[in-house]
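Here is coords-v3.txt, consisting of compact mmCIF, C-alpha atoms:
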```txt
# COMPACT_ATOMS: atom_id res chain seq x y z
CA MET A 1 -0.54 0.03 -17.16
CA ASN A 2 -0.14 -3.71 -16.50
CA ILE A 3 -3.87 -4.17 -15.97
CA ILE A 4 -6.92 -2.08 -16.86
CA LEU A 5 -9.03 -1.65 -13.73
CA PHE A 6 -12.70 -0.76 -13.67
CA GLU A 7 -14.90 0.45 -10.85
CA GLU A 8 -18.10 -1.50 -10.17
CA HIS A 9 -20.24 1.48 -11.15
CA GLU A 10 -18.51 1.71 -14.55
CA LEU A 11 -19.45 -1.79 -15.67
CA GLY A 12 -21.81 -1.77 -18.63
CA SER A 13 -20.81 1.69 -19.83
CA SER A 14 -18.21 2.68 -22.41
CA LEU A 15 -14.75 4.08 -21.67
CA PRO A 16 -14.66 7.78 -22.64
CA ARG A 17 -12.22 8.92 -25.33
CA ARG A 18 -10.16 11.06 -22.95
CA ASP A 19 -9.99 8.43 -20.20
CA GLU A 20 -6.37 7.47 -19.50
CA ARG A 21 -7.29 3.81 -19.89
CA THR A 22 -8.68 4.45 -23.37
CA ILE A 23 -5.56 6.38 -24.31
CA HIS A 24 -3.36 3.57 -23.00
CA LEU A 25 -5.26 0.88 -24.88
CA LEU A 26 -5.40 2.71 -28.21
CA LYS A 27 -2.27 4.88 -28.26
CA VAL A 28 0.20 2.85 -26.20
CA LEU A 29 -0.89 -0.76 -26.71
CA HIS A 30 -2.37 -0.06 -30.20
CA LYS A 31 -5.37 -2.27 -29.52
CA LYS A 32 -8.07 -2.70 -32.18
CA THR A 33 -11.64 -3.94 -32.19
CA GLY A 34 -11.65 -7.59 -31.14
CA ASP A 35 -8.35 -7.40 -29.28
CA SER A 36 -7.99 -8.56 -25.68
CA PHE A 37 -6.28 -6.98 -22.69
CA ASP A 38 -5.60 -7.75 -19.02
CA ALA A 39 -8.49 -6.43 -16.93
CA GLY A 40 -10.01 -6.48 -13.48
CA VAL A 41 -12.59 -4.89 -11.20
CA LEU A 42 -11.29 -2.84 -8.32
CA GLY A 43 -11.75 -4.96 -5.21
CA GLY A 44 -12.84 -7.96 -7.28
CA LYS A 45 -11.56 -10.52 -9.76
CA ARG A 46 -9.21 -10.12 -12.70
CA GLY A 47 -8.99 -11.78 -16.10
CA THR A 48 -9.42 -10.67 -19.70
CA GLY A 49 -11.13 -7.72 -21.31
CA PHE A 50 -12.18 -7.49 -24.96
CA ILE A 51 -12.66 -4.42 -27.13
CA ALA A 52 -16.11 -4.91 -28.64
CA LYS A 53 -16.20 -1.64 -30.57
CA ILE A 54 -14.37 1.64 -30.94
CA ASN A 55 -17.07 4.27 -31.38
CA LEU A 56 -16.85 7.20 -33.78
CA ASP A 57 -16.39 9.56 -30.83
CA GLY A 58 -13.32 7.58 -29.72
CA SER A 59 -14.94 5.85 -26.75
CA ILE A 60 -14.59 2.10 -26.25
CA LEU A 61 -17.26 -0.54 -25.75
CA TYR A 62 -15.80 -3.53 -23.93
CA SER A 63 -16.67 -6.85 -22.33
CA LEU A 64 -15.00 -8.62 -19.42
CA ASP A 65 -14.30 -12.27 -18.64
CA LEU A 66 -13.01 -12.26 -15.07
CA ASP A 67 -12.37 -15.65 -13.47
CA GLU A 68 -9.09 -15.17 -11.59
CA GLU A 69 -8.65 -14.22 -7.95
CA PRO A 70 -6.17 -11.40 -7.27
CA PRO A 71 -3.02 -12.10 -5.24
CA PRO A 72 -3.69 -12.18 -1.47
CA ARG A 73 -2.92 -9.13 0.64
CA LEU A 74 0.40 -9.51 2.43
CA PRO A 75 0.15 -9.55 6.26
CA LEU A 76 2.06 -6.31 6.83
CA ARG A 77 0.70 -3.03 8.16
CA VAL A 78 2.82 0.11 7.77
CA ALA A 79 2.34 3.26 9.83
CA VAL A 80 4.28 6.35 8.79
CA GLY A 81 4.59 9.86 10.16
CA PHE A 82 3.10 12.29 7.64
CA PRO A 83 5.68 12.98 4.90
CA ARG A 84 5.70 15.88 2.45
CA PRO A 85 2.65 15.70 0.16
CA ILE A 86 4.80 15.09 -2.93
CA GLN A 87 6.46 12.20 -1.09
CA LEU A 88 3.12 10.89 0.15
CA ARG A 89 1.80 10.30 -3.37
CA ARG A 90 4.87 8.25 -4.31
CA LEU A 91 4.85 6.45 -0.97
CA LEU A 92 1.23 5.33 -1.26
CA ARG A 93 1.83 4.14 -4.81
CA ASP A 94 4.90 2.10 -3.85
CA LEU A 95 3.38 0.55 -0.72
CA SER A 96 0.29 -0.41 -2.69
CA ASN A 97 2.57 -1.89 -5.34
CA LEU A 98 4.00 -4.21 -2.65
CA GLY A 99 0.53 -5.56 -1.84
CA LEU A 100 0.44 -4.57 1.83
CA GLU A 101 -2.63 -5.05 3.99
CA ALA A 102 -2.90 -1.53 5.39
CA VAL A 103 -1.22 1.89 5.52
CA ASP A 104 -1.75 4.25 8.46
CA LEU A 105 -0.76 7.93 8.31
CA VAL A 106 0.13 9.14 11.79
CA GLY A 107 0.67 12.59 13.28
CA THR A 108 3.94 12.79 15.20
CA GLU A 109 5.54 15.23 17.62
CA LEU A 110 8.48 16.16 15.37
CA GLY A 111 6.61 15.99 12.08
CA GLU A 112 5.66 19.13 10.15
CA LYS A 113 2.04 19.87 11.16
CA SER A 114 1.13 21.39 7.79
CA TYR A 115 1.74 18.06 6.05
CA ARG A 116 -1.39 16.69 7.70
CA ASP A 117 -3.52 19.17 5.72
CA THR A 118 -2.62 17.66 2.36
CA LYS A 119 -5.45 17.74 -0.18
CA LEU A 120 -4.49 14.25 -1.34
CA LEU A 121 -6.71 12.87 1.41
CA SER A 122 -9.76 14.85 0.31
CA ASP A 123 -9.46 15.26 -3.47
CA GLY A 124 -9.03 11.58 -4.35
CA GLY A 125 -5.29 11.86 -4.93
CA ALA A 126 -4.41 9.33 -2.23
CA ARG A 127 -6.83 6.75 -3.62
CA ALA A 128 -5.54 7.37 -7.15
CA ALA A 129 -1.97 6.72 -5.95
CA LEU A 130 -3.03 3.44 -4.30
CA ILE A 131 -4.78 2.35 -7.49
CA GLU A 132 -1.71 3.27 -9.56
CA GLY A 133 0.37 0.94 -7.39
CA ALA A 134 -2.16 -1.86 -7.81
CA VAL A 135 -2.20 -1.43 -11.58
CA GLN A 136 1.57 -1.72 -11.70
CA SER A 137 1.47 -5.04 -9.81
CA ARG A 138 -1.50 -6.47 -11.75
CA ASP A 139 -3.61 -6.40 -8.60
CA THR A 140 -7.23 -5.42 -8.13
CA GLY A 141 -7.01 -4.57 -4.43
CA VAL A 142 -5.41 -1.70 -2.52
CA PRO A 143 -4.27 -1.37 1.11
CA ALA A 144 -6.73 0.01 3.64
CA LEU A 145 -5.77 3.64 4.31
CA SER A 146 -6.38 5.24 7.72
CA VAL A 147 -5.35 8.51 9.41
CA TYR A 148 -4.52 9.02 13.09
CA PRO A 149 -3.88 12.42 14.72
CA SER A 150 -1.06 11.10 16.89
CA LEU A 151 1.18 8.09 17.43
CA GLU A 152 -0.24 7.72 20.94
CA GLU A 153 -3.79 7.38 19.58
CA TRP A 154 -2.63 4.84 16.98
CA LEU A 155 -0.91 2.79 19.66
CA SER A 156 -3.95 3.04 21.92
CA GLU A 157 -6.34 1.87 19.19
CA ARG A 158 -4.04 -0.96 18.00
CA PRO A 159 -5.82 -1.40 14.64
CA TRP A 160 -3.76 -4.52 13.93
CA ASP A 161 -5.69 -6.30 16.67
CA ASN A 162 -9.05 -5.47 15.08
CA GLN A 163 -8.38 -6.19 11.42
CA ALA A 164 -10.01 -9.17 9.73
CA ASP A 165 -7.72 -12.17 9.48
CA ARG A 166 -6.90 -12.42 5.77
CA ARG A 167 -3.52 -14.07 6.21
CA SER A 168 -2.44 -17.08 4.24
CA ALA A 169 -2.14 -20.37 6.12
CA GLY A 170 1.63 -20.38 5.60
CA ALA A 171 2.05 -16.99 7.25
CA ARG A 172 -0.18 -17.65 10.26
CA ARG A 173 0.79 -19.08 13.63
CA ILE A 174 -2.00 -19.65 16.10
CA GLY A 175 -1.40 -17.84 19.37
CA LEU A 176 1.26 -15.46 18.08
CA GLY A 177 0.57 -11.77 17.60
CA PRO A 178 2.22 -9.71 14.87
CA LEU A 179 5.89 -8.81 14.88
CA LEU A 180 6.01 -5.15 15.98
CA ILE A 181 8.88 -3.10 14.53
CA ALA A 182 9.67 0.60 14.87
CA ALA A 183 12.41 1.74 12.51
CA ASP A 184 14.79 3.93 14.50
CA ASN A 185 18.47 4.71 13.99
CA VAL A 186 18.84 6.45 17.37
CA ARG A 187 20.03 3.98 20.04
CA PRO A 188 18.34 1.00 18.31
CA GLY A 189 18.13 -2.39 19.97
CA GLY A 190 19.32 -4.17 16.85
CA SER A 191 18.95 -4.28 13.09
CA ILE A 192 15.91 -5.24 11.03
CA ALA A 193 18.22 -7.06 8.62
CA ARG A 194 19.55 -9.29 11.41
CA LEU A 195 16.21 -10.51 12.72
CA SER A 196 15.62 -14.24 12.59
CA LEU A 197 12.93 -15.51 10.21
CA MET A 198 9.49 -15.45 11.80
CA ARG A 199 6.42 -16.66 9.91
CA ARG A 200 3.64 -14.38 11.11
CA SER A 201 2.23 -10.95 10.35
CA ALA A 202 4.05 -7.70 11.08
CA VAL A 203 3.36 -4.07 11.93
CA LEU A 204 5.98 -1.54 10.91
CA ALA A 205 6.19 2.03 12.24
CA ILE A 206 8.28 4.63 10.39
CA GLY A 207 8.84 8.09 11.83
CA PRO A 208 8.73 11.45 9.99
CA GLU A 209 11.77 13.19 8.48
CA ARG A 210 13.02 14.31 11.89
CA GLY A 211 12.43 10.92 13.50
CA TRP A 212 10.74 9.95 16.76
CA SER A 213 10.75 12.05 19.92
CA ASP A 214 12.01 10.44 23.14
CA GLY A 215 8.43 10.32 24.37
CA GLU A 216 7.29 8.49 21.25
CA ARG A 217 10.14 6.01 21.62
CA ALA A 218 8.92 5.28 25.14
CA HIS A 219 5.34 4.82 23.89
CA LEU A 220 6.50 2.44 21.15
CA GLU A 221 8.54 0.34 23.55
CA GLY A 222 5.65 0.30 26.02
CA ALA A 223 3.40 -1.06 23.27
CA GLY A 224 5.83 -3.90 22.55
CA PHE A 225 7.62 -2.51 19.50
CA LEU A 226 11.23 -3.43 18.81
CA ARG A 227 13.25 -0.34 17.91
CA LEU A 228 15.49 -1.54 15.09
CA SER A 229 17.92 0.17 12.76
CA LEU A 230 17.92 0.36 8.97
CA GLY A 231 21.63 1.16 8.94
CA GLU A 232 23.77 4.21 9.53
CA ARG A 233 22.45 6.34 6.66
CA ALA A 234 19.65 8.87 7.06
CA LEU A 235 17.01 7.86 4.52
CA ARG A 236 14.15 9.73 2.91
CA THR A 237 10.80 8.78 4.38
CA GLU A 238 9.61 6.92 1.28
CA THR A 239 12.96 5.16 0.89
CA ALA A 240 12.90 4.05 4.53
CA CYS A 241 9.31 2.78 4.19
CA VAL A 242 9.95 0.67 1.11
CA ALA A 243 13.28 -0.68 2.40
CA ALA A 244 11.86 -1.54 5.82
CA ALA A 245 8.70 -3.06 4.30
CA ALA A 246 10.75 -5.31 2.03
CA LEU A 247 12.91 -6.43 4.96
CA ALA A 248 9.86 -7.07 7.15
CA LEU A 249 8.17 -9.10 4.41
CA GLU A 250 11.30 -11.19 4.06
CA LYS A 251 11.43 -11.78 7.82
CA ILE A 252 7.85 -13.06 7.96
CA GLY A 253 8.47 -15.34 4.99
CA GLU A 254 6.36 -13.51 2.40
CA LEU A 255 9.07 -13.10 -0.24
CA GLY A 256 9.42 -16.82 -0.89
```
Please rewrite the model in this file as structure tokens.
Amino acid sequence: MNIILFEEHELGSSLPRRDERTIHLLKVLHKKTGDSFDAGVLGGKRGTGFIAKINLDGSILYSLDLDEEPPPRLPLRVAVGFPRPIQLRRLLRDLSNLGLEAVDLVGTELGEKSYRDTKLLSDGGARAALIEGAVQSRDTGVPALSVYPSLEEWLSERPWDNQADRRSAGARRIGLGPLLIAADNVRPGGSIARLSLMRRSAVLAIGPERGWSDGERAHLEGAGFLRLSLGERALRTETACVAAAALALEKIGELG
């Protein structure tokens, strides 16, 4: 853990002995009473935590001094056709680690329908994966996570038009909408890697394992998406998402 995150409702109470954060502080970092550690509140500020006391039952009393704003969310929204549940956990963790603004899970025509029934969305597993990614990057925020039954409904709702504008001044151009990219290796109109640098936000759509249907390609093009290739290799869904997200962030000038 690169930062110990607390929920708002936990503040003022001790960390239980069996909590993974307690185990990390005492067993991995070998912290003692009086020692400090990097800390933050989920959705809030970050700074320094202090171990006030290690109780006889193994729980930890702590205090927090949080005066630092977390890094800003990056102006990239990623939509992905439902992957296998075991892939989904890793995917959410890695996309959260990148600091993206939002992740949308989308039902697709060629995607496996049973993947949509994953318990990760109801048992807290998806949220835990997002938090794990934030902890790795020393962040206190996580991407907004939404679910859409079909690509057509996602395109119709256009959530990128409704989201609050949290973009940095350097990434914003008045009057320009987001760069819309659909990763597609079947008859693409170009390559993501060869796009010219554009300083604005972006929306990235990644298909399921079997890719987009011809009908979905037509819907994407009708909505203004550029169908661009990630190369000749067939990539795993999570690999394609991370690779395409990194390329998109570079194209909108968010990687420095």
Applying 8 Å and all atoms listed in the file, which residues near range 119-128 of chain A remain after dropping the ones on its own chain fewer than 5 positions away? List them as a compact mmCIF listing (two decimals) with C-alpha atoms, in the frame of the given file.
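Everything below was put into out-v2.txt:
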```
# COMPACT_ATOMS: atom_id res chain seq x y z
CA PRO A 85 2.65 15.70 0.16
CA ARG A 89 1.80 10.30 -3.37
CA LEU A 92 1.23 5.33 -1.26
```
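In this structure, CA of Leu88 in chain A sits 19.0 Å away from CA of Gly141 in chain A.
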Taking 5 positions as the minimum chain separation for residues in the same chain, which residues sit within 8 Å of Asp65 in chain A when counting only C-alpha atoms? Answer as number ranges by chain.
A: 47-49
Shell of 10 Å around range 44-46 of chain A, all atoms listed in the file, local chain residues under 2 positions omitted, as number ranges by chain
A: 3-8, 38-42, 48-49, 64-71, 138-141
Which of these residues is nearest to Gly215 in chain A, using all atoms listed in the file: A:Thr22, A:Asn55, A:Ser36, A:Thr108?
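The answer is A:Thr108, which sits nearest to Gly215 in chain A.
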Rounded to one decimal, what separation in Å do you get between CA of Val135 in chain A and CA of Pro75 in chain A?
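So the two atoms, CA of Val135 in chain A and CA of Pro75 in chain A, lie 19.7 Å apart.
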For each of A:Arg90, A:Phe82, A:Leu255, A:Pro178, take the minimum atom-to-atom distance to Gly211 in chain A, counting all atoms listed in the file, then give the residue where this is smallest.
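Nearest to Gly211 in chain A: A:Phe82.
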Would you kindly return, as a PyMOL selection string, each protein, DNA or RNA residue with an atom no farther than 6 Å from any atom of Val80 in chain A, considering all atoms listed in the file and excluding same-chain residues fewer than 4 positions away?
chain A and resi 105-106+205-207
Atom pair CA of Leu195 in chain A / CA of His219 in chain A: separation (Å)
21.9 Å
Go through A:Asn2, A:Ser191, A:Ser137, A:Gln87 and flag the residue nearest Phe37 in chain A, using all atoms listed in the file for the distances.
A:Asn2
Coordinates of box centre and edge lengths for range 34-43 of chain A, 8 Å on every side, axis-aligned, as lines of an AutoDock Vina configuration file:
```
center_x = -9.1
center_y = -5.7
center_z = -18.2
size_x = 23.0
size_y = 21.7
size_z = 41.9
```
Considering only C-alpha atoms, return as a PyMOL selection string whatever protein or nucleic-acid residues lie within 6 Å of Leu228 in chain A, sequence-local ones (same chain, fewer than 4 positions apart) excluded.
chain A and resi 183-184+188-192
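Of the residues listed (A:Gly81, A:Gly177, A:Gly43, A:Pro159), A:Gly43 shows the shortest atom-to-atom separation from Ala134 in chain A; distances use all atoms listed in the file.
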From the list A:Val242, A:Ile181, A:Leu130, A:Leu76, the nearest residue to Ser201 in chain A using all atoms listed in the file is A:Leu76
Go through range 30-99 of chain A residue by residue and, counting all atoms listed in the file, keep those with an atom at most 7 Å from range 11-14 of chain A; for each kept residue give the shortest atom pair and its distance in Å to one decimal, ordered by chain and increasing number, as CSV.
```
residue,atom,partner,partner_atom,distance
A:Ser59,CA,A:Ser14,CA,6.3
A:Ile60,CA,A:Ser14,CA,5.3
A:Leu61,CA,A:Ser14,CA,4.7
A:Tyr62,CA,A:Ser14,CA,6.8
```
Just C-alpha atoms for this one: save the residues we selected as a CSV table (one decimal), keeping the file's coordinate frame.
```csv
chain,number,residue,atom,x,y,z
A,59,SER,CA,-14.9,5.8,-26.8
A,60,ILE,CA,-14.6,2.1,-26.2
A,61,LEU,CA,-17.3,-0.5,-25.8
A,62,TYR,CA,-15.8,-3.5,-23.9
```
For range 205-224 of chain A, which lacks atoms in the input, supply N, CA and C atoms and format the output as an mmCIF file, keeping the file's coordinate frame.
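Result file result-v2.cif:
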```
data_model
loop_
_atom_site.group_PDB
_atom_site.id
_atom_site.type_symbol
_atom_site.label_atom_id
_atom_site.label_comp_id
_atom_site.auth_asym_id
_atom_site.auth_seq_id
_atom_site.Cartn_x
_atom_site.Cartn_y
_atom_site.Cartn_z
ATOM 1 N N ALA A 205 6.381 0.598 11.988
ATOM 2 C CA ALA A 205 6.190 2.030 12.240
ATOM 3 C C ALA A 205 7.430 2.789 11.769
ATOM 4 N N ILE A 206 7.205 3.801 10.926
ATOM 5 C CA ILE A 206 8.280 4.630 10.390
ATOM 6 C C ILE A 206 8.022 6.072 10.808
ATOM 7 N N GLY A 207 9.014 6.712 11.373
ATOM 8 C CA GLY A 207 8.840 8.090 11.830
ATOM 9 C C GLY A 207 8.884 9.103 10.689
ATOM 10 N N PRO A 208 8.660 10.384 10.995
ATOM 11 C CA PRO A 208 8.730 11.450 9.990
ATOM 12 C C PRO A 208 10.193 11.777 9.671
ATOM 13 N N GLU A 209 10.417 12.819 8.888
ATOM 14 C CA GLU A 209 11.770 13.190 8.480
ATOM 15 C C GLU A 209 12.702 13.412 9.673
ATOM 16 N N ARG A 210 12.185 13.993 10.731
ATOM 17 C CA ARG A 210 13.020 14.310 11.890
ATOM 18 C C ARG A 210 13.026 13.178 12.930
ATOM 19 N N GLY A 211 12.385 12.077 12.619
ATOM 20 C CA GLY A 211 12.430 10.920 13.500
ATOM 21 C C GLY A 211 11.447 10.984 14.665
ATOM 22 N N TRP A 212 11.607 10.035 15.583
ATOM 23 C CA TRP A 212 10.740 9.950 16.760
ATOM 24 C C TRP A 212 11.255 10.848 17.869
ATOM 25 N N SER A 213 10.356 11.354 18.693
ATOM 26 C CA SER A 213 10.750 12.050 19.920
ATOM 27 C C SER A 213 11.055 10.994 20.989
ATOM 28 N N ASP A 214 11.722 11.396 22.057
ATOM 29 C CA ASP A 214 12.010 10.440 23.140
ATOM 30 C C ASP A 214 10.722 9.906 23.742
ATOM 31 N N GLY A 215 9.714 10.768 23.840
ATOM 32 C CA GLY A 215 8.430 10.320 24.370
ATOM 33 C C GLY A 215 7.786 9.273 23.488
ATOM 34 N N GLU A 216 7.863 9.457 22.180
ATOM 35 C CA GLU A 216 7.290 8.490 21.250
ATOM 36 C C GLU A 216 8.056 7.170 21.301
ATOM 37 N N ARG A 217 9.365 7.250 21.468
ATOM 38 C CA ARG A 217 10.140 6.010 21.620
ATOM 39 C C ARG A 217 9.665 5.230 22.840
ATOM 40 N N ALA A 218 9.402 5.938 23.913
ATOM 41 C CA ALA A 218 8.920 5.280 25.140
ATOM 42 C C ALA A 218 7.551 4.652 24.897
ATOM 43 N N HIS A 219 6.674 5.359 24.181
ATOM 44 C CA HIS A 219 5.340 4.820 23.890
ATOM 45 C C HIS A 219 5.446 3.559 23.022
ATOM 46 N N LEU A 220 6.325 3.597 22.032
ATOM 47 C CA LEU A 220 6.500 2.440 21.150
ATOM 48 C C LEU A 220 7.010 1.231 21.918
ATOM 49 N N GLU A 221 8.003 1.453 22.762
ATOM 50 C CA GLU A 221 8.540 0.340 23.550
ATOM 51 C C GLU A 221 7.493 -0.188 24.522
ATOM 52 N N GLY A 222 6.706 0.724 25.105
ATOM 53 C CA GLY A 222 5.650 0.300 26.020
ATOM 54 C C GLY A 222 4.582 -0.523 25.343
ATOM 55 N N ALA A 223 4.400 -0.305 24.031
ATOM 56 C CA ALA A 223 3.400 -1.060 23.270
ATOM 57 C C ALA A 223 3.966 -2.357 22.709
ATOM 58 N N GLY A 224 5.237 -2.636 22.990
ATOM 59 C CA GLY A 224 5.830 -3.900 22.550
ATOM 60 C C GLY A 224 6.613 -3.837 21.266
#
```
